[in-house]
Every structure is written in C-alpha cells, then in structure tokens.
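*Asks:* Below you'll find model-v8.csv; it's CSV, C-alpha atoms and all ligand atoms.
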chain,number,residue,atom,x,y,z
A,1,LYS,CA,106.1,237.5,60.7
A,2,LYS,CA,108.2,236.0,58.0
A,3,THR,CA,110.8,233.5,59.0
A,4,VAL,CA,114.1,234.6,57.5
A,5,ILE,CA,117.6,233.4,56.9
A,6,ILE,CA,120.2,236.0,55.9
A,7,ASP,CA,123.1,234.7,53.9
A,8,THR,CA,125.7,237.4,53.9
A,9,ASP,CA,129.4,238.5,53.5
A,10,PRO,CA,129.5,241.7,55.7
A,11,GLY,CA,130.3,244.0,54.0
A,12,ILE,CA,129.2,247.6,54.7
A,13,ASP,CA,125.9,247.4,52.8
A,14,ASP,CA,125.4,244.0,54.3
A,15,ALA,CA,125.7,245.6,57.7
A,16,ILE,CA,123.0,248.1,56.9
A,17,ALA,CA,120.8,245.3,55.5
A,18,ILE,CA,121.3,243.2,58.7
A,19,PHE,CA,120.3,246.2,60.9
A,20,LEU,CA,117.2,246.8,58.8
A,21,ALA,CA,116.2,243.2,59.0
A,22,LEU,CA,116.7,242.9,62.7
A,23,THR,CA,114.6,245.9,63.5
A,24,SER,CA,111.6,245.0,61.3
A,25,ASP,CA,108.5,243.8,63.0
A,26,LYS,CA,107.6,242.0,59.8
A,27,LEU,CA,110.6,239.7,59.9
A,28,ASP,CA,111.8,237.0,62.2
A,29,VAL,CA,115.5,236.5,61.5
A,30,LYS,CA,116.3,233.1,62.9
A,31,LEU,CA,119.7,232.5,61.3
A,32,ILE,CA,122.5,234.4,59.7
A,33,THR,CA,124.9,232.4,57.5
A,34,THR,CA,128.2,233.7,56.2
A,35,THR,CA,129.9,233.3,52.9
A,36,ALA,CA,133.3,234.3,51.7
A,37,GLY,CA,132.9,237.3,49.4
A,38,ASN,CA,133.7,240.9,50.4
A,39,GLN,CA,136.3,239.4,52.6
A,40,THR,CA,137.5,236.0,53.8
A,41,ILE,CA,135.2,233.7,55.6
A,42,GLU,CA,137.0,234.3,58.9
A,43,LYS,CA,136.6,238.1,58.6
A,44,VAL,CA,133.0,238.2,57.4
A,45,THR,CA,131.9,235.7,60.1
A,46,SER,CA,133.6,237.7,62.8
A,47,ASN,CA,131.9,240.8,61.4
A,48,ALA,CA,128.5,239.2,61.5
A,49,LEU,CA,129.0,238.2,65.1
A,50,LYS,CA,130.2,241.7,66.0
A,51,LEU,CA,127.3,243.4,64.2
A,52,VAL,CA,124.7,241.3,65.9
A,53,ASN,CA,126.4,241.7,69.2
A,54,LEU,CA,126.3,245.4,68.8
A,55,THR,CA,122.5,245.3,68.4
A,56,GLY,CA,122.2,243.5,71.7
A,57,ILE,CA,119.7,241.1,70.1
A,58,LYS,CA,120.0,237.5,71.4
A,59,GLY,CA,119.0,234.2,70.0
A,60,ILE,CA,120.0,234.5,66.4
A,61,GLU,CA,122.2,231.6,65.3
A,62,ILE,CA,125.2,232.6,63.2
A,63,ALA,CA,126.7,229.8,61.1
A,64,LYS,CA,129.9,229.9,59.1
A,65,GLY,CA,129.6,228.9,55.5
A,66,ALA,CA,131.7,228.5,52.4
A,67,THR,CA,135.4,229.3,52.5
A,68,LYS,CA,135.6,229.7,48.7
A,69,PRO,CA,133.4,229.6,45.6
A,70,LEU,CA,132.4,226.2,44.1
A,71,ILE,CA,135.1,226.3,41.4
A,72,LYS,CA,136.8,229.6,41.3
A,73,GLU,CA,139.3,231.0,43.7
A,74,LEU,CA,138.0,233.6,46.1
A,75,TYR,CA,138.0,237.2,44.8
A,76,THR,CA,137.4,239.8,47.5
A,77,ALA,CA,136.2,243.4,47.5
A,78,GLU,CA,138.7,244.9,49.9
A,79,GLU,CA,138.8,248.1,47.8
A,80,PHE,CA,135.2,248.9,48.8
A,81,HIS,CA,134.8,247.4,52.2
A,82,GLY,CA,138.3,247.7,53.6
A,83,GLU,CA,140.7,245.2,55.1
A,84,SER,CA,138.3,244.2,57.8
A,85,GLY,CA,135.3,244.1,55.5
A,86,ILE,CA,133.4,246.8,57.4
A,87,GLY,CA,135.6,249.8,56.7
A,88,GLY,CA,137.6,251.3,59.5
A,89,VAL,CA,135.0,250.8,62.3
A,90,ILE,CA,136.2,248.8,65.3
A,91,LEU,CA,133.5,246.8,67.0
A,92,PRO,CA,133.6,245.0,70.3
A,93,GLU,CA,133.7,241.2,70.4
A,94,GLY,CA,130.7,239.7,72.1
A,95,GLU,CA,130.3,236.4,73.8
A,96,GLN,CA,128.4,234.6,71.1
A,97,GLN,CA,130.4,232.2,69.0
A,98,ALA,CA,129.6,230.9,65.5
A,99,SER,CA,127.3,227.9,65.5
A,100,GLU,CA,128.7,224.3,65.7
A,101,ARG,CA,126.8,223.6,62.6
A,102,THR,CA,127.9,224.7,59.1
A,103,ALA,CA,125.8,227.2,57.2
A,104,VAL,CA,124.3,224.5,55.0
A,105,GLU,CA,123.3,222.3,57.9
A,106,ALA,CA,121.9,225.2,59.9
A,107,MET,CA,119.8,226.3,57.0
A,108,LYS,CA,118.6,222.7,56.3
A,109,ASP,CA,117.6,222.2,60.0
A,110,LEU,CA,115.8,225.5,60.2
A,111,ILE,CA,113.9,224.8,57.0
A,112,VAL,CA,113.0,221.3,57.9
A,113,HIS,CA,111.8,222.1,61.4
A,114,SER,CA,110.0,225.3,60.6
A,115,ASN,CA,106.2,225.2,60.6
A,116,GLU,CA,106.2,228.0,58.0
A,117,ASN,CA,108.0,228.3,54.8
A,118,VAL,CA,111.3,230.2,55.1
A,119,SER,CA,112.5,233.2,53.1
A,120,ILE,CA,116.2,233.5,52.3
A,121,VAL,CA,117.9,236.9,51.8
A,122,ALA,CA,121.0,236.2,49.8
A,123,ILE,CA,123.3,239.2,49.8
A,124,GLY,CA,126.7,237.7,49.1
A,125,PRO,CA,128.0,235.2,46.5
A,126,LEU,CA,125.5,232.3,46.2
A,127,THR,CA,127.8,229.5,47.3
A,128,ASN,CA,126.0,228.4,50.4
A,129,VAL,CA,122.5,228.6,48.8
A,130,ALA,CA,123.8,226.5,45.9
A,131,ASN,CA,125.3,223.9,48.3
A,132,LEU,CA,122.0,223.7,50.2
A,133,ILE,CA,120.0,223.1,47.0
A,134,THR,CA,122.5,220.5,45.8
A,135,ALA,CA,122.7,218.7,49.1
A,136,TYR,CA,119.0,218.8,50.0
A,137,PRO,CA,116.9,219.1,46.8
A,138,ASN,CA,113.8,217.7,48.5
A,139,ILE,CA,113.4,220.5,51.0
A,140,THR,CA,113.4,223.4,48.5
A,141,HIS,CA,109.6,223.5,48.4
A,142,LYS,CA,109.7,224.8,51.9
A,143,ILE,CA,111.7,227.8,50.8
A,144,GLU,CA,109.1,230.6,50.3
A,145,GLN,CA,111.5,232.6,48.1
A,146,ILE,CA,115.0,233.9,47.8
A,147,SER,CA,115.6,237.6,47.7
A,148,ILE,CA,118.9,238.0,46.0
A,149,MET,CA,121.2,241.0,45.5
A,150,GLY,CA,123.2,240.4,42.4
A,151,GLY,CA,123.6,240.7,38.7
A,152,ALA,CA,122.6,243.4,36.3
A,153,TYR,CA,120.6,243.8,33.1
A,154,GLU,CA,123.1,246.3,31.9
A,155,GLY,CA,126.7,246.7,33.0
A,156,GLY,CA,128.8,245.2,35.8
A,157,ASN,CA,130.7,246.6,38.7
A,158,THR,CA,133.5,244.0,38.8
A,159,THR,CA,134.0,243.3,35.1
A,160,PRO,CA,132.4,245.4,32.3
A,161,VAL,CA,129.4,243.0,32.4
A,162,ALA,CA,129.5,241.1,35.8
A,163,GLU,CA,128.3,242.3,39.2
A,164,PHE,CA,130.4,241.3,42.2
A,165,ASN,CA,128.2,238.6,43.8
A,166,MET,CA,127.7,236.9,40.5
A,167,TYR,CA,131.3,237.2,39.4
A,168,VAL,CA,132.6,235.7,42.6
A,169,ASP,CA,130.6,232.4,42.2
A,170,PRO,CA,128.9,232.2,38.8
A,171,GLU,CA,128.5,228.4,39.0
A,172,ALA,CA,126.7,228.7,42.3
A,173,ALA,CA,124.4,231.5,41.0
A,174,GLN,CA,123.4,229.4,38.0
A,175,ILE,CA,122.4,226.5,40.3
A,176,VAL,CA,120.2,228.9,42.2
A,177,PHE,CA,118.5,230.3,39.1
A,178,LYS,CA,117.9,226.8,37.8
A,179,SER,CA,116.4,225.6,41.1
A,180,GLY,CA,112.7,226.6,40.5
A,181,ILE,CA,112.6,228.4,43.8
A,182,PRO,CA,110.8,231.7,43.5
A,183,ILE,CA,113.4,234.5,43.2
A,184,ALA,CA,113.2,238.3,43.6
A,185,LEU,CA,116.4,239.8,42.1
A,186,PHE,CA,117.9,243.1,43.0
A,187,GLY,CA,120.7,243.9,40.5
A,188,LEU,CA,122.7,247.0,39.8
A,189,ASP,CA,120.0,248.4,37.6
A,190,VAL,CA,117.9,249.1,40.7
A,191,THR,CA,120.5,249.2,43.5
A,192,TYR,CA,122.3,252.1,41.8
A,193,LYS,CA,119.0,254.0,42.2
A,194,ALA,CA,118.8,252.9,45.8
A,195,VAL,CA,121.3,255.4,47.1
A,196,LEU,CA,121.8,257.4,50.2
A,197,PHE,CA,123.0,261.0,49.7
A,198,ASN,CA,125.4,262.9,52.0
A,199,GLU,CA,122.4,264.6,53.7
A,200,ASP,CA,121.0,261.1,54.5
A,201,ILE,CA,124.3,260.1,56.0
A,202,GLU,CA,124.5,263.3,58.1
A,203,GLN,CA,121.0,262.5,59.4
A,204,ILE,CA,122.2,259.1,60.4
A,205,ARG,CA,125.2,260.6,62.0
A,206,SER,CA,123.0,262.9,64.1
A,207,ILE,CA,121.0,260.1,65.6
A,208,GLY,CA,123.7,259.3,68.0
A,209,ASN,CA,123.2,255.8,69.2
A,210,ARG,CA,125.9,253.1,69.0
A,211,ILE,CA,124.4,251.4,66.0
A,212,SER,CA,123.8,254.6,64.0
A,213,ASP,CA,127.4,255.7,65.0
A,214,ALA,CA,128.8,252.5,63.6
A,215,ALA,CA,126.6,252.7,60.5
A,216,ALA,CA,127.7,256.3,59.9
A,217,GLU,CA,131.3,255.4,60.3
A,218,MET,CA,131.0,252.5,57.8
A,219,LEU,CA,129.1,254.7,55.4
A,220,GLU,CA,131.7,257.4,55.5
A,221,PHE,CA,134.3,254.9,54.6
A,222,TYR,CA,132.1,253.5,51.8
A,223,ALA,CA,131.5,257.0,50.5
A,224,LYS,CA,135.1,257.6,49.6
A,225,GLY,CA,135.5,258.4,46.0
A,226,ARG,CA,131.8,258.3,45.2
A,227,THR,CA,129.8,261.3,44.2
A,228,ASN,CA,126.4,260.0,43.1
A,229,GLY,CA,125.3,258.7,46.4
A,230,LEU,CA,125.9,255.4,48.1
A,231,PRO,CA,124.2,252.4,46.7
A,232,MET,CA,122.4,250.4,49.4
A,233,HIS,CA,122.7,247.2,47.3
A,234,ASP,CA,122.0,244.6,50.0
A,235,ALA,CA,119.4,246.6,51.9
A,236,CYS,CA,117.1,246.3,48.8
A,237,ALA,CA,116.9,242.6,49.2
A,238,VAL,CA,115.7,243.0,52.9
A,239,ALA,CA,113.5,246.1,52.2
A,240,TYR,CA,111.6,244.1,49.7
A,241,LEU,CA,110.5,241.5,52.3
A,242,ILE,CA,109.4,244.3,54.6
A,243,LYS,CA,107.7,246.5,52.0
A,244,PRO,CA,107.5,244.9,48.5
A,245,GLU,CA,105.6,248.0,47.1
A,246,LEU,CA,108.9,249.9,47.2
A,247,PHE,CA,110.0,248.2,44.0
A,248,THR,CA,108.7,247.7,40.5
A,249,PHE,CA,109.5,244.3,38.9
A,250,ILE,CA,109.6,242.7,35.5
A,251,PRO,CA,109.3,238.9,35.4
A,252,CYS,CA,112.3,237.6,33.4
A,253,ASN,CA,114.3,234.5,32.6
A,254,VAL,CA,117.8,234.9,34.2
A,255,GLN,CA,120.8,232.9,33.4
A,256,VAL,CA,124.4,233.3,34.6
A,257,GLU,CA,127.3,232.9,32.1
A,258,THR,CA,129.7,230.3,33.2
A,259,LYS,CA,131.7,229.8,30.0
A,260,GLY,CA,132.3,233.1,28.4
A,261,GLU,CA,135.8,234.3,27.9
A,262,PHE,CA,134.9,237.9,28.4
A,263,THR,CA,131.4,237.5,30.0
A,264,TYR,CA,132.1,235.1,32.8
A,265,GLY,CA,129.7,235.9,35.7
A,266,GLN,CA,127.4,238.1,33.6
A,267,THR,CA,123.6,237.7,34.2
A,268,ILE,CA,121.7,237.3,31.0
A,269,ILE,CA,118.3,238.9,31.9
A,270,ASP,CA,115.7,238.4,29.1
A,271,LYS,CA,113.8,241.6,29.9
A,272,LYS,CA,112.3,241.9,26.5
A,273,ARG,CA,111.3,238.2,26.3
A,274,LEU,CA,113.5,237.6,23.2
A,275,THR,CA,113.8,233.9,24.0
A,276,ASP,CA,111.2,231.3,25.1
A,277,ARG,CA,113.2,230.4,28.2
A,278,PRO,CA,110.8,230.3,31.1
A,279,ILE,CA,110.5,233.0,33.7
A,280,ASN,CA,112.5,232.2,36.8
A,281,ALA,CA,112.9,235.5,38.6
A,282,ASN,CA,111.1,238.7,39.4
A,283,VAL,CA,113.7,241.3,38.5
A,284,ALA,CA,113.5,244.8,40.2
A,285,PHE,CA,114.1,247.8,38.0
A,286,GLU,CA,112.7,250.7,40.0
A,287,VAL,CA,112.7,251.7,43.7
A,288,ASP,CA,111.2,254.4,45.9
A,289,ARG,CA,114.5,255.8,46.9
A,290,GLU,CA,113.2,258.2,49.5
A,291,GLU,CA,111.1,255.7,51.2
A,292,LEU,CA,114.0,253.2,51.4
A,293,SER,CA,116.2,255.9,52.9
A,294,ASN,CA,113.5,256.7,55.5
A,295,MET,CA,113.3,253.0,56.3
A,296,ILE,CA,117.0,252.8,56.9
A,297,TYR,CA,116.9,255.9,59.0
A,298,ALA,CA,114.0,254.7,61.1
A,299,SER,CA,115.7,251.3,61.6
A,300,LEU,CA,118.9,252.8,62.9
A,301,LYS,CA,117.1,255.3,65.1
A,302,SER,CA,115.0,252.5,66.7
A,303,PHE,CA,118.0,251.1,68.5
B,1,LIG,C1,127.4,243.5,46.1
B,1,LIG,O1,128.8,243.2,46.2
B,1,LIG,C2,129.3,243.5,47.5
B,1,LIG,O2,130.5,244.2,47.5
B,1,LIG,C3,128.1,244.2,48.2
B,1,LIG,O3,128.1,243.8,49.6
B,1,LIG,C4,126.9,243.7,47.5
B,1,LIG,O4,126.4,242.5,48.0
B,1,LIG,C5,127.2,244.7,45.2
B,1,LIG,O5,127.7,244.4,43.9
B,2,CA,CA,127.1,241.7,50.2
Take the structure in the file and give it back as structure tokens.
*Replies:*
Amino acid sequence: KKTVIIDTDPGIDDAIAIFLALTSDKLDVKLITTTAGNQTIEKVTSNALKLVNLTGIKGIEIAKGATKPLIKELYTAEEFHGESGIGGVILPEGEQQASERTAVEAMKDLIVHSNENVSIVAIGPLTNVANLITAYPNITHKIEQISIMGGAYEGGNTTPVAEFNMYVDPEAAQIVFKSGIPIALFGLDVTYKAVLFNEDIEQIRSIGNRISDAAAEMLEFYAKGRTNGLPMHDACAVAYLIKPELFTFIPCNVQVETKGEFTYGQTIIDKKRLTDRPINANVAFEVDREELSNMIYASLKSF
C-alpha cells in the first residue's frame, strides 16, 4: 500500500476524489490536509471532517492548513461548489475534530516518521505543499511524488489561460514545480476528458447507500449549466496512484507565470520541447474515461 497525504479544498470533485482514495486497497491515506480554495479554510476543513465522518472510517488525521495564498488574497469558487463548498448537500457533524497540528506540521511529522516514502495528492491550491517545501527542504527526498490537479497546456477555466488551483496561488505552485520532487500533473487538458455523463450519475444515484446518495446530490448540483459531462478533475490525481495505466503522459518542463499582466497563474507547459528547460513533471494528456467512471462507481458502491 502507498502511504498517502491528500491536500484538498473540498469541493465537490475533491469529495469524489477523497471517497475514491479511502476505498482503494492500494492506498493508505494517513492524513488529509485542507487549504483555502474552493471555499474558506473554515468551510473546507468542516467539509473534510464531515466527508470522512460520513464514510465511517476512523484514524485519519485531518489538519487545517493555509487560510490564504502566499501573496494573493483568496479567490474562491463558490459559483461551482456553492456557498458551503459541497453544493447543497447537508452532512452530519461527527465527533472528530481537526488535528491540533497545522497541515504543514502534520505533513512533516508523517513524512519524517514514515518508514516508506510518502505520496502527496494535491487537489487544491498548492499553498500548504509550498510551505512544507520551504520550511523543511531536507525532508523532500522522502516524498515519493506529488500527484497534482492543476494547470493546463491550453486554456484556463478561471482566466482565459489560468486554471483555478494555479490561479489561486501561482507563487506556491511555482515553488512546487521548482522543488525537484517527482510530479504527475493532471491539468484541464486531461480532466475535461475525465467526465461523468448523466447516465453515470443516474447509476450512482441508483446505488442507494449514504455515500452514493451524498455524491449524487453533490454531482447534481455540480451538473447545473453543464452539457458536456462533469469533469472529475481531482479524482484523476487519485486514480493515477491506484491505476497509472489509465493515463498517457508526456514528460515536460512546467513553469507557472507569476508576473504576467494577462497571464498570471498560467502554466507554461513545454510539451513540444521548445526550450532546454529540464523536465520537471509528467503531464497527463489522455485518460481511459470509461474505466475512471467505473472506478468511481465501484468505489461509491463499496460503502
Ligand atoms: C480545480 O478547481 C477546483 O474548483 C476543483 O476542485 C479542482 O481542484 C479545477 O480547476
Ligand atoms: Ca479541488
């Protein structure tokens, strides 16, 4: 089993990603850290606690992270994830509280004390991961890899060129890409192909357990106004750790624009090797959509 940290801002697709990770027999999720992004840190931390509580799984530490990006003010995605961050769904509060430790301290402790190298799934703005790298540069060799949802080779979803997670904290993202830690990157080029269609959501609806019911309700909220299927952005970063063959990658150099007047937060992905900048990420471009959808279905059904 891979030892895993999930750094997240739930978030509807984050919720699906968390369910997928927690039900996989390939992954041992030891820690979930939260970061401000889709909603404020209070809301996303409360969502993470409620989502894990709903699964009934015990023993996963949940630690609260960055309140705001390194430099910018927080920009949220209420439009897509609602006022709560997880659509209209109302989930019960559990007994578990957020950890006494901050996200960065909890990550550091887990990485230092783990016998095996640790994989990080980063599916929100990269503020916590950047803070970890800056504060503890000498433990990064124990990070097996970071599986990141963010960026795009072509076209953004928040500005014409910037994807949300990168746009929220470009300075943090640039620290992560410069760290030398192995990175698998799932940007919009692939996540827009990683969609669930209405029939997939109907199938999830028909499972009828409390997790699938909550997932269906969130997905129905997330579906509003969309016609080409629902992108399971964050689930890609988890699915890759479970079944890497689902994706096709091109090794690239990736930089994040932190100065551009019109391009702030854009990922510059040198897919065609037009520069001699060194390769620092494996960038996904294709996905087996059907298999990903099956995995999500099987995960929700297993509760
Ligand atoms: C990313 O932004 C967030 O709204 C989603 O949860 C995902 O992590 C997609 O651009
Ligand atoms: Ca997210």
*Asks:* Env of stretch 82-87 of chain A: 9 Å cut, atoms = all atoms listed in the file, seq-sep filter 6 positions within chain, self excluded. Answer as an MDAnalysis selection string.
*Replies:* chainID A and resid 9:13 15 38:40 43:44 47 217:222
*Asks:* Could you give me, as a tab-separated table, every chain A residue with an atom at most 6 Å from ligand LIG 1 (chain B), plus its closest atom pair and distance in Å to one decimal, counting all atoms listed in the file, rows ordered by chain then number?
*Replies:*
residue	atom	partner	partner_atom	distance
A:Gly11	CA	B:LIG1	O3	4.9
A:Asp13	CA	B:LIG1	O3	5.3
A:Asp14	CA	B:LIG1	O3	5.4
A:Asn38	CA	B:LIG1	O2	5.4
A:Ala77	CA	B:LIG1	O2	5.8
A:Ile123	CA	B:LIG1	O4	4.9
A:Gly124	CA	B:LIG1	O4	4.9
A:Met149	CA	B:LIG1	O4	6.0
A:Glu163	CA	B:LIG1	O5	5.2
A:Phe164	CA	B:LIG1	O5	4.4
A:Asn165	CA	B:LIG1	O1	5.2
A:His233	CA	B:LIG1	C4	5.5
A:Asp234	CA	B:LIG1	O4	5.3
*Asks:* Using atom CA of A:Gly229 and atom CA of A:Leu188 as the two end points, give the distance in Å to one decimal.
*Replies:*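 One can read the atom CA of A:Gly229 to atom CA of A:Leu188 distance as 13.7 Å.
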*Asks:* Quick one: residues within 8 Å of A:Lys50, only C-alpha atoms counted, chain neighbours fewer than 2 positions away excluded, as a count of residues only?
*Replies:* 10
*Asks:* Work out how far atom CA of A:Ala122 is from atom CA of A:Asn282, in Å to one decimal.
*Replies:* 14.6 Å
*Asks:* Counting all atoms listed in the file, which residue out of A:Pro137, A:Gly150, A:Gly187, A:Gly56 sits closest to ligand CA 2 (chain B)?
*Replies:*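 Residue with the minimum atom-to-atom distance to ligand CA 2 (chain B): A:Gly150.
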*Asks:* What's the 8 Å shell around A:Ser293, counting all atoms listed in the file, without same-chain residues fewer than 5 positions away, as a ChimeraX atom specification?
*Replies:* /A:195-196,200
*Asks:* Counting all atoms listed in the file, which residue out of A:Lys1, A:Lys142, A:Arg289, A:His81 sits closest to ligand CA 2 (chain B)?
*Replies:* A:His81
*Asks:* Given the choices A:Pro125, A:Gly208, A:Gly156, A:Gly59, which gets closest to ligand CA 2 (chain B) if the distance is worked out from all atoms listed in the file?
*Replies:*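 Among A:Pro125, A:Gly208, A:Gly156, A:Gly59, it is A:Pro125 that comes nearest to ligand CA 2 (chain B).
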*Asks:* What is the distance, in Å and to one decimal place, between atom CA of A:Leu274 and atom CA of A:Lys259?
*Replies:*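 Result for atom CA of A:Leu274 versus atom CA of A:Lys259: 20.9 Å, one decimal.
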*Asks:* Could you tell me which of A:Thr248, A:Thr34, A:Thr275, A:Asn228 comes closest to ligand CA 2 (chain B) if we count all atoms listed in the file?
*Replies:*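 When distances to ligand CA 2 (chain B) are compared using all atoms listed in the file, the smallest one comes from A:Thr34.
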*Asks:* Using only C-alpha atoms, can you tell me which of A:Ser24, A:Ser302, A:Asn280, A:Thr227 comes closest to A:Cys252?
*Replies:*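 Using only C-alpha atoms, the shortest distance to A:Cys252 belongs to A:Asn280.
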*Asks:* Which neighbours of A:Ala235 fall inside 8 Å, counting only C-alpha atoms, when residues of the same chain fewer than 4 positions from it are skipped, and could you give them as an NGL selection string?
*Replies:* :A and (13-14 or 16-18 or 20 or 239)
*Asks:* List the spatial neighbours of A:Asp28 as a compact mmCIF listing (two decimals) with C-alpha atoms, in the coordinates of the input - criterion: any atom at most 9 Å away, only C-alpha atoms, same-chain residues fewer than 2 positions off excluded.
*Replies:*
# COMPACT_ATOMS: atom_id res chain seq x y z
CA LYS A 1 106.10 237.50 60.70
CA LYS A 2 108.20 236.00 58.00
CA THR A 3 110.80 233.50 59.00
CA VAL A 4 114.10 234.60 57.50
CA ILE A 5 117.60 233.40 56.90
CA ALA A 21 116.20 243.20 59.00
CA LEU A 22 116.70 242.90 62.70
CA SER A 24 111.60 245.00 61.30
CA ASP A 25 108.50 243.80 63.00
CA LYS A 26 107.60 242.00 59.80
CA LYS A 30 116.30 233.10 62.90
*Asks:* Taking (106.9, 242.7, 50.1) as a centre in this file's frame and 12 Å as the limit, can you find every polymer residue with an atom that close, using all atoms listed in the file, and give them as a ChimeraX atom specification?
*Replies:* /A:1-2,26-27,119,145,147,184,236-249
*Asks:* Would you mind telling me which residue in A:Ala130, A:Met232, A:Leu49, A:Met107 lies nearest to ligand CA 2 (chain B) when using all atoms listed in the file?
*Replies:*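 With all atoms listed in the file as the atom set, the closest residue is A:Met232.
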*Asks:* List the residues sitting within 7 Å of (131.6, 230.1, 44.0) in the file's frame, using only C-alpha atoms, as a PyMOL selection string.
*Replies:* chain A and resi 68-72+125-127+168-172
*Asks:* How about completing stretch 72-95 of chain A with N, CA and C atoms and giving it to me as a PDB file, in the coordinates of the input?
*Replies:*
ATOM      1  N   LYS A  72     135.831 228.532  41.369  1.00  0.00           N
ATOM      2  CA  LYS A  72     136.800 229.600  41.300  1.00  0.00           C
ATOM      3  C   LYS A  72     137.599 229.789  42.587  1.00  0.00           C
ATOM      4  N   GLU A  73     138.673 230.515  42.497  1.00  0.00           N
ATOM      5  CA  GLU A  73     139.300 231.000  43.700  1.00  0.00           C
ATOM      6  C   GLU A  73     138.566 232.206  44.213  1.00  0.00           C
ATOM      7  N   LEU A  74     138.735 232.507  45.499  1.00  0.00           N
ATOM      8  CA  LEU A  74     138.000 233.600  46.100  1.00  0.00           C
ATOM      9  C   LEU A  74     138.561 234.964  45.544  1.00  0.00           C
ATOM     10  N   TYR A  75     137.645 235.849  45.207  1.00  0.00           N
ATOM     11  CA  TYR A  75     138.000 237.200  44.800  1.00  0.00           C
ATOM     12  C   TYR A  75     137.264 238.137  45.761  1.00  0.00           C
ATOM     13  N   THR A  76     138.002 238.983  46.488  1.00  0.00           N
ATOM     14  CA  THR A  76     137.400 239.800  47.500  1.00  0.00           C
ATOM     15  C   THR A  76     137.183 241.256  47.054  1.00  0.00           C
ATOM     16  N   ALA A  77     136.493 242.041  47.878  1.00  0.00           N
ATOM     17  CA  ALA A  77     136.200 243.400  47.500  1.00  0.00           C
ATOM     18  C   ALA A  77     136.774 244.399  48.555  1.00  0.00           C
ATOM     19  N   GLU A  78     138.029 244.140  48.892  1.00  0.00           N
ATOM     20  CA  GLU A  78     138.700 244.900  49.900  1.00  0.00           C
ATOM     21  C   GLU A  78     138.691 246.437  49.577  1.00  0.00           C
ATOM     22  N   GLU A  79     138.755 246.711  48.291  1.00  0.00           N
ATOM     23  CA  GLU A  79     138.800 248.100  47.800  1.00  0.00           C
ATOM     24  C   GLU A  79     137.570 248.894  48.309  1.00  0.00           C
ATOM     25  N   PHE A  80     136.425 248.238  48.362  1.00  0.00           N
ATOM     26  CA  PHE A  80     135.200 248.900  48.800  1.00  0.00           C
ATOM     27  C   PHE A  80     134.879 248.787  50.245  1.00  0.00           C
ATOM     28  N   HIS A  81     135.260 247.666  50.821  1.00  0.00           N
ATOM     29  CA  HIS A  81     134.800 247.400  52.200  1.00  0.00           C
ATOM     30  C   HIS A  81     135.985 247.350  53.182  1.00  0.00           C
ATOM     31  N   GLY A  82     137.178 247.565  52.696  1.00  0.00           N
ATOM     32  CA  GLY A  82     138.300 247.700  53.600  1.00  0.00           C
ATOM     33  C   GLY A  82     138.909 246.301  53.954  1.00  0.00           C
ATOM     34  N   GLU A  83     140.027 246.383  54.684  1.00  0.00           N
ATOM     35  CA  GLU A  83     140.700 245.200  55.100  1.00  0.00           C
ATOM     36  C   GLU A  83     139.933 244.296  56.007  1.00  0.00           C
ATOM     37  N   SER A  84     139.113 244.927  56.844  1.00  0.00           N
ATOM     38  CA  SER A  84     138.300 244.200  57.800  1.00  0.00           C
ATOM     39  C   SER A  84     136.999 243.691  57.145  1.00  0.00           C
ATOM     40  N   GLY A  85     136.557 244.381  56.092  1.00  0.00           N
ATOM     41  CA  GLY A  85     135.300 244.100  55.500  1.00  0.00           C
ATOM     42  C   GLY A  85     134.177 245.076  55.895  1.00  0.00           C
ATOM     43  N   ILE A  86     134.404 245.800  56.995  1.00  0.00           N
ATOM     44  CA  ILE A  86     133.400 246.800  57.400  1.00  0.00           C
ATOM     45  C   ILE A  86     134.047 248.164  57.609  1.00  0.00           C
ATOM     46  N   GLY A  87     134.913 248.510  56.673  1.00  0.00           N
ATOM     47  CA  GLY A  87     135.600 249.800  56.700  1.00  0.00           C
ATOM     48  C   GLY A  87     136.489 249.897  57.912  1.00  0.00           C
ATOM     49  N   GLY A  88     136.659 251.108  58.426  1.00  0.00           N
ATOM     50  CA  GLY A  88     137.600 251.300  59.500  1.00  0.00           C
ATOM     51  C   GLY A  88     137.005 251.041  60.890  1.00  0.00           C
ATOM     52  N   VAL A  89     135.709 250.798  60.948  1.00  0.00           N
ATOM     53  CA  VAL A  89     135.000 250.800  62.300  1.00  0.00           C
ATOM     54  C   VAL A  89     135.529 249.565  63.092  1.00  0.00           C
ATOM     55  N   ILE A  90     135.750 249.835  64.377  1.00  0.00           N
ATOM     56  CA  ILE A  90     136.200 248.800  65.300  1.00  0.00           C
ATOM     57  C   ILE A  90     135.050 248.426  66.216  1.00  0.00           C
ATOM     58  N   LEU A  91     134.596 247.204  66.164  1.00  0.00           N
ATOM     59  CA  LEU A  91     133.500 246.800  67.000  1.00  0.00           C
ATOM     60  C   LEU A  91     133.896 245.819  68.054  1.00  0.00           C
ATOM     61  N   PRO A  92     133.252 245.887  69.223  1.00  0.00           N
ATOM     62  CA  PRO A  92     133.600 245.000  70.300  1.00  0.00           C
ATOM     63  C   PRO A  92     133.251 243.519  69.987  1.00  0.00           C
ATOM     64  N   GLU A  93     134.059 242.605  70.506  1.00  0.00           N
ATOM     65  CA  GLU A  93     133.700 241.200  70.400  1.00  0.00           C
ATOM     66  C   GLU A  93     132.662 240.880  71.445  1.00  0.00           C
ATOM     67  N   GLY A  94     131.702 240.080  71.092  1.00  0.00           N
ATOM     68  CA  GLY A  94     130.700 239.700  72.100  1.00  0.00           C
ATOM     69  C   GLY A  94     130.999 238.264  72.571  1.00  0.00           C
ATOM     70  N   GLU A  95     130.061 237.706  73.335  1.00  0.00           N
ATOM     71  CA  GLU A  95     130.300 236.400  73.800  1.00  0.00           C
ATOM     72  C   GLU A  95     129.862 235.284  72.829  1.00  0.00           C
TER      73      GLU A  95
END
